[in-house]
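Trainee: Take a look at data.cif, mmCIF, C-alpha atoms and all ligand atoms:
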data_my_file
loop_
_atom_site.label_atom_id
_atom_site.label_comp_id
_atom_site.auth_asym_id
_atom_site.auth_seq_id
_atom_site.Cartn_x
_atom_site.Cartn_y
_atom_site.Cartn_z
CA MET F 1 -17.50 2.03 -5.35
CA GLN F 2 -14.65 0.45 -3.37
CA ILE F 3 -11.25 -0.48 -4.72
CA VAL F 4 -8.46 -2.67 -3.35
CA PHE F 5 -4.83 -2.27 -4.45
CA ILE F 6 -2.66 -5.35 -4.18
CA GLY F 7 1.06 -5.48 -4.82
CA PRO F 8 4.34 -6.10 -3.03
CA PRO F 9 6.57 -3.26 -1.79
CA GLY F 10 8.39 -1.42 -4.56
CA VAL F 11 5.70 -1.53 -7.25
CA GLY F 12 4.64 2.07 -6.59
CA LYS F 13 1.01 1.43 -5.71
CA GLY F 14 1.06 3.99 -2.88
CA THR F 15 2.18 6.66 -5.34
CA GLN F 16 -0.64 5.71 -7.72
CA ALA F 17 -3.18 5.79 -4.89
CA ASN F 18 -2.02 9.29 -3.95
CA MET F 19 -2.38 10.41 -7.58
CA LEU F 20 -5.99 9.15 -7.61
CA VAL F 21 -6.68 10.97 -4.34
CA ASP F 22 -5.37 14.22 -5.84
CA LYS F 23 -7.25 13.92 -9.12
CA TYR F 24 -10.56 12.32 -8.10
CA GLY F 25 -10.92 13.14 -4.41
CA VAL F 26 -11.23 9.47 -3.46
CA LEU F 27 -10.15 8.41 0.04
CA LYS F 28 -7.09 6.27 0.57
CA ILE F 29 -6.98 3.78 3.42
CA SER F 30 -3.64 2.18 4.19
CA THR F 31 -2.85 0.28 7.36
CA GLY F 32 0.10 2.58 8.06
CA ASP F 33 -2.03 5.73 7.79
CA LEU F 34 -4.81 4.20 9.91
CA LEU F 35 -2.38 3.27 12.68
CA ARG F 36 -0.63 6.64 12.62
CA ASP F 37 -3.93 8.57 12.71
CA ALA F 38 -5.39 6.45 15.52
CA ILE F 39 -2.25 6.79 17.61
CA LYS F 40 -2.18 10.54 17.03
CA ALA F 41 -5.88 10.84 17.96
CA GLY F 42 -5.24 8.78 21.09
CA SER F 43 -8.34 6.64 20.46
CA PRO F 44 -8.74 3.40 22.48
CA LEU F 45 -7.72 1.31 19.46
CA GLY F 46 -4.89 3.73 18.79
CA ASN F 47 -3.54 3.29 22.30
CA GLN F 48 -3.66 -0.49 21.95
CA ALA F 49 -1.86 -0.30 18.60
CA LYS F 50 0.80 1.95 20.11
CA GLY F 51 1.47 -0.71 22.76
CA TYR F 52 2.08 -3.41 20.16
CA MET F 53 4.31 -1.18 18.07
CA GLU F 54 6.35 -0.01 21.05
CA ARG F 55 6.94 -3.63 22.02
CA GLY F 56 8.02 -4.29 18.42
CA GLU F 57 5.14 -6.70 17.91
CA LEU F 58 2.89 -7.06 14.90
CA VAL F 59 -0.45 -5.28 15.31
CA PRO F 60 -3.10 -8.06 15.26
CA ASP F 61 -5.65 -8.38 12.45
CA GLU F 62 -8.64 -7.72 14.75
CA LEU F 63 -7.24 -4.35 15.72
CA VAL F 64 -6.50 -3.29 12.15
CA LEU F 65 -9.98 -4.42 11.12
CA GLY F 66 -11.44 -2.41 14.00
CA LEU F 67 -9.70 0.68 12.66
CA VAL F 68 -10.99 0.00 9.13
CA GLN F 69 -14.50 -0.45 10.55
CA GLU F 70 -14.21 2.89 12.38
CA LYS F 71 -12.95 4.67 9.30
CA VAL F 72 -15.66 3.49 6.90
CA SER F 73 -18.52 3.75 9.41
CA ILE F 74 -18.77 7.52 9.26
CA PRO F 75 -22.23 8.49 7.93
CA GLN F 76 -22.68 8.36 4.16
CA SER F 77 -19.39 6.56 3.73
CA ASN F 78 -21.08 3.99 1.49
CA LEU F 79 -21.34 6.78 -1.08
CA LYS F 80 -17.63 7.48 -1.03
CA THR F 81 -14.92 5.70 -2.96
CA PHE F 82 -12.23 4.17 -0.80
CA ILE F 83 -8.94 2.85 -2.07
CA PHE F 84 -7.58 0.16 0.22
CA ASP F 85 -3.83 0.35 -0.28
CA GLY F 86 -2.01 -2.82 0.75
CA PHE F 87 -4.98 -4.06 2.78
CA PRO F 88 -6.30 -6.78 3.00
CA ARG F 89 -3.05 -8.74 3.18
CA ASN F 90 -4.53 -12.21 3.48
CA ILE F 91 -7.71 -14.08 2.75
CA GLN F 92 -9.00 -13.86 6.34
CA GLN F 93 -8.76 -10.08 6.25
CA ALA F 94 -10.51 -10.06 2.85
CA ILE F 95 -13.44 -12.04 4.24
CA GLU F 96 -13.71 -9.66 7.21
CA LEU F 97 -13.49 -6.64 4.91
CA ASP F 98 -16.40 -8.02 2.86
CA LYS F 99 -18.45 -8.20 6.08
CA ILE F 100 -17.55 -4.62 6.98
CA MET F 101 -18.58 -3.50 3.49
CA LEU F 102 -21.88 -5.36 3.79
CA ASN F 103 -22.56 -3.47 7.04
CA ILE F 104 -22.32 -0.15 5.22
CA HIS F 105 -24.36 -1.51 2.27
CA SER F 106 -21.36 -1.41 0.00
CA LYS F 107 -18.92 -3.88 -1.50
CA ILE F 108 -15.50 -4.20 -3.13
CA ASN F 109 -16.09 -3.55 -6.83
CA LEU F 110 -12.57 -3.70 -8.19
CA VAL F 111 -9.25 -5.20 -7.14
CA ILE F 112 -6.11 -4.10 -8.91
CA ASP F 113 -3.04 -6.29 -8.86
CA PHE F 114 0.13 -4.26 -9.55
CA THR F 115 2.52 -6.65 -11.23
CA MET F 116 6.25 -6.40 -11.84
CA ASP F 117 8.95 -8.91 -12.64
CA GLU F 118 10.20 -10.15 -9.26
CA GLU F 119 13.93 -9.71 -10.00
CA ASP F 120 13.27 -6.22 -11.41
CA ARG F 121 11.36 -5.28 -8.27
CA ILE F 122 14.04 -6.62 -5.95
CA SER F 123 16.78 -4.73 -7.78
CA ARG F 124 14.70 -1.53 -7.57
CA LEU F 125 14.24 -1.92 -3.82
CA SER F 126 17.81 -2.94 -3.08
CA GLY F 127 19.10 0.09 -5.05
CA ARG F 128 17.49 2.58 -2.69
CA ARG F 129 19.81 4.76 -0.62
CA MET F 130 19.08 7.36 2.02
CA CYS F 131 20.86 10.35 3.49
CA PRO F 132 21.12 9.68 7.23
CA LYS F 133 21.12 13.43 7.92
CA CYS F 134 18.21 14.86 5.84
CA GLN F 135 16.41 11.54 5.04
CA ARG F 136 16.39 12.39 1.32
CA THR F 137 16.14 9.23 -0.79
CA TYR F 138 18.10 8.25 -3.87
CA HIS F 139 18.41 5.25 -6.15
CA ILE F 140 21.67 3.94 -7.55
CA LYS F 141 20.07 3.55 -11.00
CA PHE F 142 16.94 5.68 -11.21
CA SER F 143 17.68 8.67 -9.01
CA LYS F 144 21.44 9.02 -8.64
CA PRO F 145 23.08 11.66 -6.46
CA LYS F 146 25.32 14.14 -8.34
CA VAL F 147 28.42 12.66 -6.72
CA ASP F 148 28.50 8.89 -6.22
CA ASN F 149 27.08 7.87 -2.85
CA LEU F 150 26.98 11.41 -1.39
CA CYS F 151 23.85 13.42 -0.53
CA ASP F 152 23.42 16.36 -2.96
CA ILE F 153 22.47 18.65 -0.09
CA CYS F 154 24.53 17.48 2.90
CA SER F 155 27.48 15.76 1.14
CA VAL F 156 27.05 13.01 3.72
CA GLN F 157 27.71 9.35 2.80
CA LEU F 158 24.42 7.68 1.77
CA VAL F 159 23.24 4.55 3.59
CA GLN F 160 20.99 1.62 2.79
CA ARG F 161 18.07 1.09 5.17
CA SER F 162 18.44 -2.29 6.86
CA ASP F 163 15.10 -3.50 5.44
CA ASP F 164 16.22 -2.63 1.88
CA ASN F 165 18.96 -5.25 2.17
CA GLU F 166 18.50 -7.86 -0.57
CA SER F 167 18.26 -10.92 1.67
CA VAL F 168 15.73 -9.15 3.92
CA ILE F 169 13.70 -8.17 0.83
CA ARG F 170 13.72 -11.76 -0.44
CA GLN F 171 12.69 -13.14 2.93
CA ARG F 172 9.83 -10.62 3.23
CA SER F 173 8.75 -11.33 -0.35
CA ALA F 174 8.43 -15.04 0.31
CA VAL F 175 6.10 -14.33 3.24
CA TYR F 176 4.18 -11.81 1.15
CA TRP F 177 3.53 -14.22 -1.74
CA GLU F 178 2.54 -17.03 0.56
CA HIS F 179 -0.37 -14.91 1.84
CA THR F 180 -1.13 -13.02 -1.35
CA ARG F 181 -1.53 -15.87 -3.82
CA PRO F 182 -4.71 -17.18 -2.12
CA LEU F 183 -5.93 -13.59 -1.81
CA LEU F 184 -5.62 -13.04 -5.57
CA GLU F 185 -7.42 -16.33 -6.14
CA TYR F 186 -10.24 -15.18 -3.82
CA TYR F 187 -10.83 -12.01 -5.84
CA LYS F 188 -10.37 -13.76 -9.16
CA LYS F 189 -13.25 -16.08 -8.32
CA GLN F 190 -15.42 -13.03 -7.70
CA GLU F 191 -14.40 -11.76 -11.16
CA ILE F 192 -13.33 -8.36 -9.86
CA LEU F 193 -9.55 -8.81 -10.26
CA LYS F 194 -7.66 -6.75 -12.85
CA SER F 195 -3.93 -6.40 -13.25
CA ILE F 196 -1.69 -3.52 -14.22
CA ASP F 197 1.89 -3.70 -15.47
CA ALA F 198 3.65 -1.64 -12.80
CA SER F 199 7.02 -1.75 -14.56
CA GLN F 200 5.86 1.02 -16.92
CA PRO F 201 6.75 4.67 -16.16
CA ILE F 202 4.59 6.26 -13.42
CA ASP F 203 2.42 8.32 -15.79
CA LYS F 204 1.76 5.30 -18.04
CA VAL F 205 0.73 3.21 -15.03
CA PHE F 206 -1.64 6.02 -14.02
CA ILE F 207 -3.27 6.05 -17.47
CA SER F 208 -3.84 2.27 -17.28
CA LEU F 209 -5.32 2.79 -13.84
CA GLU F 210 -7.64 5.56 -14.98
CA ASN F 211 -8.83 3.40 -17.86
CA LEU F 212 -9.97 0.81 -15.35
CA ILE F 213 -11.40 3.16 -12.77
CA ALA F 214 -12.84 6.18 -14.59
CA PRO F 215 -15.81 4.30 -16.15
CA LEU F 216 -16.78 3.03 -12.69
CA LEU F 217 -16.33 6.44 -11.04
CA GLY F 218 -18.61 8.02 -13.61
CA ALA F 219 -21.26 5.39 -13.08
ZN ZN F 301 21.18 14.91 3.05
#
Mind turning the file's structure into structure tokens?
Ligand SMILES: [Zn+2]

Mentor:
Amino acid sequence: MQIVFIGPPGVGKGTQANMLVDKYGVLKISTGDLLRDAIKAGSPLGNQAKGYMERGELVPDELVLGLVQEKVSIPQSNLKTFIFDGFPRNIQQAIELDKIMLNIHSKINLVIDFTMDEEDRISRLSGRRMCPKCQRTYHIKFSKPKVDNLCDICSVQLVQRSDDNESVIRQRSAVYWEHTRPLLEYYKKQEILKSIDASQPIDKVFISLENLIAPLLGA
């Protein structure tokens, strides 16, 4: 049983994936984790990826797919449940992922689309603040510091990460939706697409998620 999580930044799908890992022992595969692990292990693909990242370039699809292939090709991996978190990002990657799954005699059984009102999501992301000293994160609405704009621990002025800036978020979102709409369509045609209202509180979202996944995990 293989699951894909789709959703733009800020919908909390990574948190939900981690909760599933903790409760059901499934394996999470995110591009970020794959890259970090490969670089740390110093594998040939990892070294290539490191080069791209150090030059500030985007890691190409083929390389990411190579890492996915490596990860799922360990013996018996067709018996495990993987959660692909934020991957595939576009229809080409989805087609390649289907081929990789076929190679291990498995397939994507369920795709979950985490939905949230776009303005709500943007305001959540643009409200994030960080302590430059201890890296602790806050939110101007949902997780306020005790004193306005000061870190609870260091009393240092909080900052906004440059990629949490509203115009940067909007620009990135436009690119995201351009690639994701056809991806959703691709999975919808296969009748494996389900959606979850990600604007609910975290524990409610998790219950919705379990309702979709538990019957399949038990099967
Ligand atoms: Zn701090």

Trainee: Ligand ZN 301 (chain F): which residues are within 8 Å, counting only C-alpha atoms and all ligand atoms, as a ChimeraX atom specification?

Mentor: /F:130-136,151-156

Trainee: Set the distance at 7 Å and use all atoms listed in the file: which residues neighbour F:Gln160 once local chain neighbours fewer than 4 positions away are removed? I'd like the list as a VMD selection string.

Mentor: chain F and resid 128 to 130 164

Trainee: Counting only C-alpha atoms, which residue out of F:Ser43, F:Thr31, F:Asn90, F:Gln69 sits closest to F:Trp177?

Mentor: F:Asn90

Trainee: Name the closest residue to F:Val64 among the candidates F:Gly51, F:Ile83, F:Gly127, F:Gly32; distances are taken between atoms, counting all atoms listed in the file.

Mentor: F:Gly32

Trainee: By how many Å are atom CA of F:His139 and atom CA of F:Asn165 apart?

Mentor: 13.4 Å

Trainee: Find the residues near F:Ile169: any atom within 12 Å, counting all atoms listed in the file, skip ones fewer than 5 places away on the same chain, and give them as a PDB file with C-alpha atoms, in the coordinates of the input.

Mentor:
ATOM      1  CA  PRO F   8       4.340  -6.100  -3.030  1.00  0.00           C
ATOM      2  CA  PRO F   9       6.570  -3.260  -1.790  1.00  0.00           C
ATOM      3  CA  GLY F  10       8.390  -1.420  -4.560  1.00  0.00           C
ATOM      4  CA  GLU F 118      10.200 -10.150  -9.260  1.00  0.00           C
ATOM      5  CA  GLU F 119      13.930  -9.710 -10.000  1.00  0.00           C
ATOM      6  CA  ARG F 121      11.360  -5.280  -8.270  1.00  0.00           C
ATOM      7  CA  ILE F 122      14.040  -6.620  -5.950  1.00  0.00           C
ATOM      8  CA  SER F 123      16.780  -4.730  -7.780  1.00  0.00           C
ATOM      9  CA  ARG F 124      14.700  -1.530  -7.570  1.00  0.00           C
ATOM     10  CA  LEU F 125      14.240  -1.920  -3.820  1.00  0.00           C
ATOM     11  CA  SER F 126      17.810  -2.940  -3.080  1.00  0.00           C
ATOM     12  CA  GLY F 127      19.100   0.090  -5.050  1.00  0.00           C
ATOM     13  CA  ARG F 128      17.490   2.580  -2.690  1.00  0.00           C
ATOM     14  CA  ARG F 161      18.070   1.090   5.170  1.00  0.00           C
ATOM     15  CA  SER F 162      18.440  -2.290   6.860  1.00  0.00           C
ATOM     16  CA  ASP F 163      15.100  -3.500   5.440  1.00  0.00           C
ATOM     17  CA  ASP F 164      16.220  -2.630   1.880  1.00  0.00           C
ATOM     18  CA  ALA F 174       8.430 -15.040   0.310  1.00  0.00           C
ATOM     19  CA  VAL F 175       6.100 -14.330   3.240  1.00  0.00           C
ATOM     20  CA  TYR F 176       4.180 -11.810   1.150  1.00  0.00           C
TER      21      TYR F 176
END

Trainee: What's around F:Leu193 at 7 Å? Count all atoms listed in the file, leave out sequence neighbours fewer than 5 positions away in its own chain, and write the answer as a JSON list (two decimals) with C-alpha atoms, keeping the file's coordinate frame.

Mentor:
[["chain", "number", "residue", "atom", "x", "y", "z"],
["F", 110, "LEU", "CA", -12.57, -3.70, -8.19],
["F", 111, "VAL", "CA", -9.25, -5.20, -7.14],
["F", 112, "ILE", "CA", -6.11, -4.10, -8.91],
["F", 187, "TYR", "CA", -10.83, -12.01, -5.84],
["F", 188, "LYS", "CA", -10.37, -13.76, -9.16]]

Trainee: What is the distance between atom CA of F:Gln92 and atom CA of F:Arg36, in Å to one decimal?

Mentor: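 Here the two named atoms are 23.0 Å from each other.
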